[in-house]
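Next up, my_file16.cif (mmCIF, C-alpha atoms):
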```
data_input
loop_
_atom_site.label_atom_id
_atom_site.label_comp_id
_atom_site.auth_asym_id
_atom_site.auth_seq_id
_atom_site.Cartn_x
_atom_site.Cartn_y
_atom_site.Cartn_z
CA MET A 1 66.79 -29.40 47.95
CA ALA A 2 67.27 -27.07 50.90
CA ILE A 3 64.25 -26.43 53.10
CA ASP A 4 63.65 -22.81 54.11
CA TYR A 5 62.45 -23.33 57.69
CA ALA A 6 62.11 -19.61 58.36
CA ALA A 7 59.74 -19.27 55.38
CA ILE A 8 57.73 -22.28 56.59
CA GLU A 9 57.39 -20.76 60.07
CA ALA A 10 56.38 -17.40 58.59
CA ALA A 11 53.74 -19.11 56.44
CA ARG A 12 52.47 -21.05 59.48
CA GLU A 13 52.14 -17.80 61.45
CA ARG A 14 50.36 -16.10 58.54
CA ILE A 15 47.91 -19.03 58.29
CA ARG A 16 47.38 -18.96 62.07
CA GLN A 17 46.64 -15.20 61.99
CA THR A 18 44.39 -15.49 58.93
CA HIS A 19 42.35 -18.58 59.75
CA LEU A 20 42.34 -19.33 63.49
CA ARG A 21 39.50 -17.63 65.29
CA GLU A 22 39.33 -17.01 69.01
CA ARG A 23 35.57 -17.54 68.90
CA ARG A 24 35.22 -20.54 66.64
CA PRO A 25 31.78 -21.42 65.25
CA GLU A 26 30.25 -24.80 66.05
CA SER A 27 31.27 -27.55 63.63
CA SER A 28 28.71 -28.80 61.14
CA ALA A 29 29.80 -32.39 61.94
CA ARG A 30 28.52 -34.61 64.75
CA GLY A 31 31.75 -36.60 64.93
CA LEU A 32 33.75 -39.26 63.16
CA HIS A 33 31.33 -42.04 62.18
CA HIS A 34 34.10 -44.35 61.04
CA PHE A 35 37.50 -44.26 59.44
CA ALA A 36 37.89 -47.03 56.83
CA LEU A 37 41.09 -48.86 55.93
CA ILE A 38 41.83 -51.85 53.71
CA CYS A 39 43.22 -55.08 55.14
CA SER A 40 44.64 -58.20 53.53
CA ASP A 41 43.47 -60.72 56.16
CA VAL A 42 40.25 -60.29 58.15
CA GLU A 43 41.10 -62.66 61.02
CA ARG A 44 44.65 -61.32 61.43
CA THR A 45 43.21 -57.79 61.54
CA ILE A 46 40.66 -58.80 64.19
CA GLU A 47 43.36 -60.51 66.27
CA PHE A 48 45.49 -57.36 66.11
CA TYR A 49 42.84 -54.72 66.80
CA GLN A 50 40.61 -56.68 69.18
CA GLY A 51 43.10 -59.10 70.70
CA LEU A 52 46.18 -56.89 71.01
CA LEU A 53 44.81 -53.33 71.11
CA GLU A 54 41.56 -54.22 72.93
CA PHE A 55 39.23 -52.46 70.46
CA PRO A 56 36.07 -54.60 70.47
CA LEU A 57 34.77 -55.88 67.14
CA THR A 58 31.22 -54.53 66.82
CA GLU A 59 29.95 -55.89 63.47
CA ILE A 60 30.93 -57.61 60.25
CA PHE A 61 28.86 -57.78 57.07
CA GLU A 62 29.29 -57.83 53.31
CA ASN A 63 30.58 -54.62 51.74
CA ARG A 64 27.70 -53.12 49.75
CA ASP A 65 30.10 -51.89 47.05
CA TYR A 66 32.08 -55.10 46.44
CA LYS A 67 30.48 -58.56 46.53
CA GLY A 68 32.43 -61.00 48.68
CA SER A 69 34.24 -58.25 50.57
CA ASN A 70 33.81 -57.84 54.31
CA HIS A 71 33.13 -54.52 56.04
CA PHE A 72 33.83 -54.72 59.76
CA PHE A 73 34.08 -52.30 62.65
CA PHE A 74 35.97 -51.80 65.90
CA ASP A 75 34.88 -49.58 68.81
CA ILE A 76 37.61 -47.02 69.50
CA GLY A 77 35.61 -45.22 72.17
CA ASN A 78 33.51 -42.08 72.38
CA GLY A 79 31.06 -43.37 69.75
CA ASN A 80 33.81 -43.63 67.10
CA LEU A 81 34.58 -46.62 64.90
CA LEU A 82 37.58 -47.88 62.98
CA ALA A 83 36.42 -49.87 59.95
CA PHE A 84 38.09 -52.22 57.51
CA PHE A 85 37.41 -53.74 54.13
CA ASP A 86 39.08 -56.73 52.60
CA LEU A 87 38.90 -56.70 48.82
CA PRO A 88 39.40 -60.31 47.67
CA GLY A 89 40.41 -60.75 44.07
CA LEU A 90 42.05 -57.35 43.73
CA ASP A 91 45.80 -57.34 43.36
CA LEU A 92 46.51 -54.63 45.93
CA GLY A 93 50.11 -53.71 46.65
CA PRO A 94 51.61 -53.12 50.08
CA TYR A 95 50.74 -50.06 52.14
CA GLN A 96 52.32 -46.82 50.94
CA GLU A 97 52.27 -43.29 52.25
CA VAL A 98 51.30 -41.08 49.35
CA LEU A 99 50.30 -37.47 48.99
CA GLY A 100 46.67 -37.26 50.06
CA GLY A 101 46.88 -40.66 51.76
CA LEU A 102 47.01 -41.82 55.35
CA HIS A 103 49.94 -40.71 57.50
CA HIS A 104 48.71 -42.13 60.81
CA ILE A 105 45.65 -42.57 63.00
CA ALA A 106 46.05 -41.20 66.54
CA ILE A 107 43.84 -42.82 69.16
CA SER A 108 43.60 -41.41 72.68
CA VAL A 109 43.80 -43.92 75.53
CA GLU A 110 43.86 -43.37 79.29
CA ARG A 111 47.42 -43.43 80.72
CA GLY A 112 47.04 -46.76 82.57
CA ARG A 113 45.68 -48.48 79.46
CA TRP A 114 48.40 -46.79 77.37
CA GLU A 115 51.02 -48.41 79.61
CA ARG A 116 49.29 -51.81 79.45
CA LEU A 117 49.03 -51.63 75.64
CA ARG A 118 52.71 -50.63 75.40
CA ASP A 119 53.54 -53.75 77.45
CA LYS A 120 51.35 -55.87 75.16
CA LEU A 121 53.16 -54.45 72.11
CA ASP A 122 56.46 -55.41 73.76
CA GLU A 123 55.17 -58.91 74.53
CA ALA A 124 53.93 -59.34 70.94
CA GLN A 125 57.27 -57.98 69.67
CA VAL A 126 55.59 -55.24 67.67
CA PRO A 127 58.23 -52.60 66.94
CA TYR A 128 57.28 -49.08 67.95
CA GLN A 129 58.66 -45.60 68.41
CA LEU A 130 58.06 -43.82 71.72
CA GLU A 131 57.75 -40.02 71.59
CA SER A 132 57.46 -37.57 74.52
CA ASP A 133 56.41 -40.33 76.92
CA ALA A 134 52.87 -39.86 75.58
CA SER A 135 52.87 -41.30 72.04
CA ILE A 136 53.58 -44.77 70.74
CA TYR A 137 53.85 -45.05 66.95
CA PHE A 138 53.68 -48.49 65.32
CA ARG A 139 52.25 -50.23 62.26
CA ASP A 140 49.34 -52.63 61.93
CA PRO A 141 49.79 -55.95 60.09
CA ASP A 142 49.23 -54.26 56.73
CA GLY A 143 51.57 -51.35 57.41
CA ALA A 144 49.12 -48.57 58.39
CA ARG A 145 50.76 -46.34 61.01
CA LEU A 146 48.93 -45.94 64.31
CA GLU A 147 49.57 -43.75 67.32
CA LEU A 148 48.38 -44.51 70.83
CA LEU A 149 48.30 -41.15 72.57
CA ALA A 150 48.08 -40.83 76.36
CA ASP A 151 46.90 -37.22 76.05
CA PRO A 152 43.18 -36.62 76.62
CA LEU A 153 40.93 -35.91 73.65
CA GLY A 154 41.32 -32.28 72.58
CA GLU A 155 44.89 -32.00 73.92
CA MET A 156 48.26 -32.51 72.27
CA TYR A 157 51.44 -32.54 74.37
CA GLY A 158 49.89 -30.28 76.99
CA SER A 159 48.29 -27.80 74.56
CA ARG A 160 44.56 -27.50 73.93
CA VAL A 161 43.85 -28.17 70.25
CA LEU A 162 40.08 -28.28 70.55
#
```
Please go through the file and, once you have read it, give me the structure as structure tokens.
Amino acid sequence: MAIDYAAIEAARERIRQTHLRERRPESSARGLHHFALICSDVERTIEFYQGLLEFPLTEIFENRDYKGSNHFFFDIGNGNLLAFFDLPGLDLGPYQEVLGGLHHIAISVERGRWERLRDKLDEAQVPYQLESDASIYFRDPDGARLELLADPLGEMYGSRVL
């Protein structure tokens, strides 16, 4: 199937003109409380996110919706949390990107830490893709795609997005 890139760009411009407002109203949200993912191994997940990526584990308790399942949280800065569930006893398949599903989670880190974490990924032999000398894309132990972004919050490759 051929992709009509000109039509896509025209639609993007129409959406931009129709929906972007120069004077944007305040959001009804306070922020991202947590983003929840599923993991297959709690300790391996903690070693990856806390040990390798340096996101401190903040709490672990039983999932209120599934007896025997853990719900645990990592501090990703700015009052935001990345959370995980394990769901023992369920026959879950491997991670898949599906329509409406997760594509990636982009986490902003200061440039010096970005460089240190890139070195740690190298040392741990975690494969990654480097883009624009500001983004590192890689997968967690269960296949979820992550991005470490050296751009400040509210910026993307030199453009203000917030």
Point to revise | Test item: residues at most 9 Å from range 113-118 of chain A, all atoms listed in the file, excluding those fewer than 5 positions along its chain, as a list in words | key: Leu52, Leu53, Glu54, Ser108, Glu123, Tyr128, Ala134, Ser135, Ile136, Leu148, Leu149 and Ala150 of chain A
Point to revise | Within 9 Å of Pro56 in chain A using only C-alpha atoms, minus same-chain residues under 2 positions, as a count of residues only | key: 11
Exercise for review: Write out as a ChimeraX atom specification each polymer residue whose atoms come within 12 Å of Lys67 in chain A, counting all atoms listed in the file; drop sequence neighbours fewer than 2 positions from it.
Suggested key: /A:61-65,69-71,85-90
Practice item. Return as a count of residues only the set of residues that the PyMOL selection byres ((chain A and resi 157) around 12) yields on the displayed structure. Key: 18
Review point. With all atoms listed in the file as the basis for distance, which of A:Ala2, A:Leu130, A:Ala124, A:Ala83 is at the shortest distance from Leu32 in chain A?
Key: A:Ala83
Around all the atoms of range 63-77 of chain A listed in the file, draw an axis-aligned box and extend it by 8 Å on each of the six sides; I want its centre and edge lengths in Å to one decimal, as JSON.
```
{"center_x": 32.7, "center_y": -53.1, "center_z": 59.3, "size_x": 25.9, "size_y": 31.8, "size_z": 41.7}
```
Check your understanding: Applied to this file, what does the PyMOL selection byres ((chain A and resi 103) around 12) return in terms of residues, put as a VMD selection string?
Key -> chain A and resid 95 to 102 104 to 106 137 to 139 143 to 147
Take the residues just selected and output them with C-alpha atoms as a PDB file, keeping the file's coordinate frame.
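See out04.pdb below for the written result:
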```
ATOM      1  CA  TYR A  95      50.740 -50.060  52.140  1.00  0.00           C
ATOM      2  CA  GLN A  96      52.320 -46.820  50.940  1.00  0.00           C
ATOM      3  CA  GLU A  97      52.270 -43.290  52.250  1.00  0.00           C
ATOM      4  CA  VAL A  98      51.300 -41.080  49.350  1.00  0.00           C
ATOM      5  CA  LEU A  99      50.300 -37.470  48.990  1.00  0.00           C
ATOM      6  CA  GLY A 100      46.670 -37.260  50.060  1.00  0.00           C
ATOM      7  CA  GLY A 101      46.880 -40.660  51.760  1.00  0.00           C
ATOM      8  CA  LEU A 102      47.010 -41.820  55.350  1.00  0.00           C
ATOM      9  CA  HIS A 104      48.710 -42.130  60.810  1.00  0.00           C
ATOM     10  CA  ILE A 105      45.650 -42.570  63.000  1.00  0.00           C
ATOM     11  CA  ALA A 106      46.050 -41.200  66.540  1.00  0.00           C
ATOM     12  CA  TYR A 137      53.850 -45.050  66.950  1.00  0.00           C
ATOM     13  CA  PHE A 138      53.680 -48.490  65.320  1.00  0.00           C
ATOM     14  CA  ARG A 139      52.250 -50.230  62.260  1.00  0.00           C
ATOM     15  CA  GLY A 143      51.570 -51.350  57.410  1.00  0.00           C
ATOM     16  CA  ALA A 144      49.120 -48.570  58.390  1.00  0.00           C
ATOM     17  CA  ARG A 145      50.760 -46.340  61.010  1.00  0.00           C
ATOM     18  CA  LEU A 146      48.930 -45.940  64.310  1.00  0.00           C
ATOM     19  CA  GLU A 147      49.570 -43.750  67.320  1.00  0.00           C
TER      20      GLU A 147
END
```
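When CA of Arg30 in chain A is paired with CA of Gly79 in chain A, their separation reads 10.4 Å.
The smallest atom-to-atom distance between Glu47 in chain A and any of A:Leu162, A:Pro141, A:Ile107, A:His33, using only C-alpha atoms, is found for A:Pro141.
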Exercise for review: Work out how far apart CA of Phe35 in chain A and CA of Leu82 in chain A are and give it in Å to one decimal.
Suggested key: 5.1 Å
Check your understanding: Could you write out as a ChimeraX atom specification the residues that the PyMOL selection byres ((chain A and resi 38) around 7) matches in the shown file?
Key -> /A:36-37,39-40,84-86
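Pairwise distance (CA of Leu81 in chain A, CA of Glu59 in chain A) equals 10.5 Å.
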Please return range 131-151 of chain A, rebuilt to N, CA and C atoms, as a compact mmCIF listing (two decimals), keeping the file's coordinate frame.
```
# COMPACT_ATOMS: atom_id res chain seq x y z
N GLU A 131 57.49 -41.45 71.69
CA GLU A 131 57.75 -40.02 71.59
C GLU A 131 57.15 -39.31 72.80
N SER A 132 57.93 -38.46 73.45
CA SER A 132 57.46 -37.57 74.52
C SER A 132 56.76 -38.29 75.65
N ASP A 133 57.04 -39.55 75.86
CA ASP A 133 56.41 -40.33 76.92
C ASP A 133 54.88 -40.22 76.89
N ALA A 134 54.33 -39.95 75.71
CA ALA A 134 52.87 -39.86 75.58
C ALA A 134 52.38 -40.53 74.30
N SER A 135 53.26 -40.75 73.34
CA SER A 135 52.87 -41.30 72.04
C SER A 135 53.67 -42.55 71.71
N ILE A 136 52.96 -43.55 71.25
CA ILE A 136 53.58 -44.77 70.74
C ILE A 136 53.15 -44.89 69.28
N TYR A 137 54.12 -44.87 68.37
CA TYR A 137 53.85 -45.05 66.95
C TYR A 137 54.27 -46.46 66.54
N PHE A 138 53.39 -47.13 65.79
CA PHE A 138 53.68 -48.49 65.32
C PHE A 138 52.81 -48.75 64.09
N ARG A 139 53.00 -49.89 63.48
CA ARG A 139 52.25 -50.23 62.26
C ARG A 139 51.38 -51.45 62.51
N ASP A 140 50.21 -51.45 61.85
CA ASP A 140 49.34 -52.63 61.93
C ASP A 140 49.88 -53.70 60.99
N PRO A 141 49.26 -54.88 60.93
CA PRO A 141 49.79 -55.95 60.09
C PRO A 141 49.91 -55.61 58.61
N ASP A 142 49.14 -54.64 58.13
CA ASP A 142 49.23 -54.26 56.73
C ASP A 142 50.05 -53.00 56.51
N GLY A 143 50.65 -52.47 57.56
CA GLY A 143 51.57 -51.35 57.41
C GLY A 143 51.00 -49.98 57.74
N ALA A 144 49.69 -49.87 58.03
CA ALA A 144 49.12 -48.57 58.39
C ALA A 144 49.73 -48.12 59.72
N ARG A 145 50.13 -46.86 59.79
CA ARG A 145 50.76 -46.34 61.01
C ARG A 145 49.68 -45.88 61.99
N LEU A 146 49.84 -46.30 63.22
CA LEU A 146 48.93 -45.94 64.31
C LEU A 146 49.71 -45.22 65.39
N GLU A 147 49.00 -44.41 66.15
CA GLU A 147 49.57 -43.75 67.32
C GLU A 147 48.62 -43.97 68.49
N LEU A 148 49.13 -44.49 69.58
CA LEU A 148 48.38 -44.51 70.83
C LEU A 148 48.88 -43.31 71.62
N LEU A 149 47.97 -42.43 71.95
CA LEU A 149 48.30 -41.15 72.57
C LEU A 149 47.70 -41.11 73.97
N ALA A 150 48.55 -40.89 74.97
CA ALA A 150 48.08 -40.83 76.36
C ALA A 150 47.43 -39.50 76.70
N ASP A 151 47.54 -38.52 75.81
CA ASP A 151 46.90 -37.22 76.05
C ASP A 151 45.38 -37.36 75.94
```
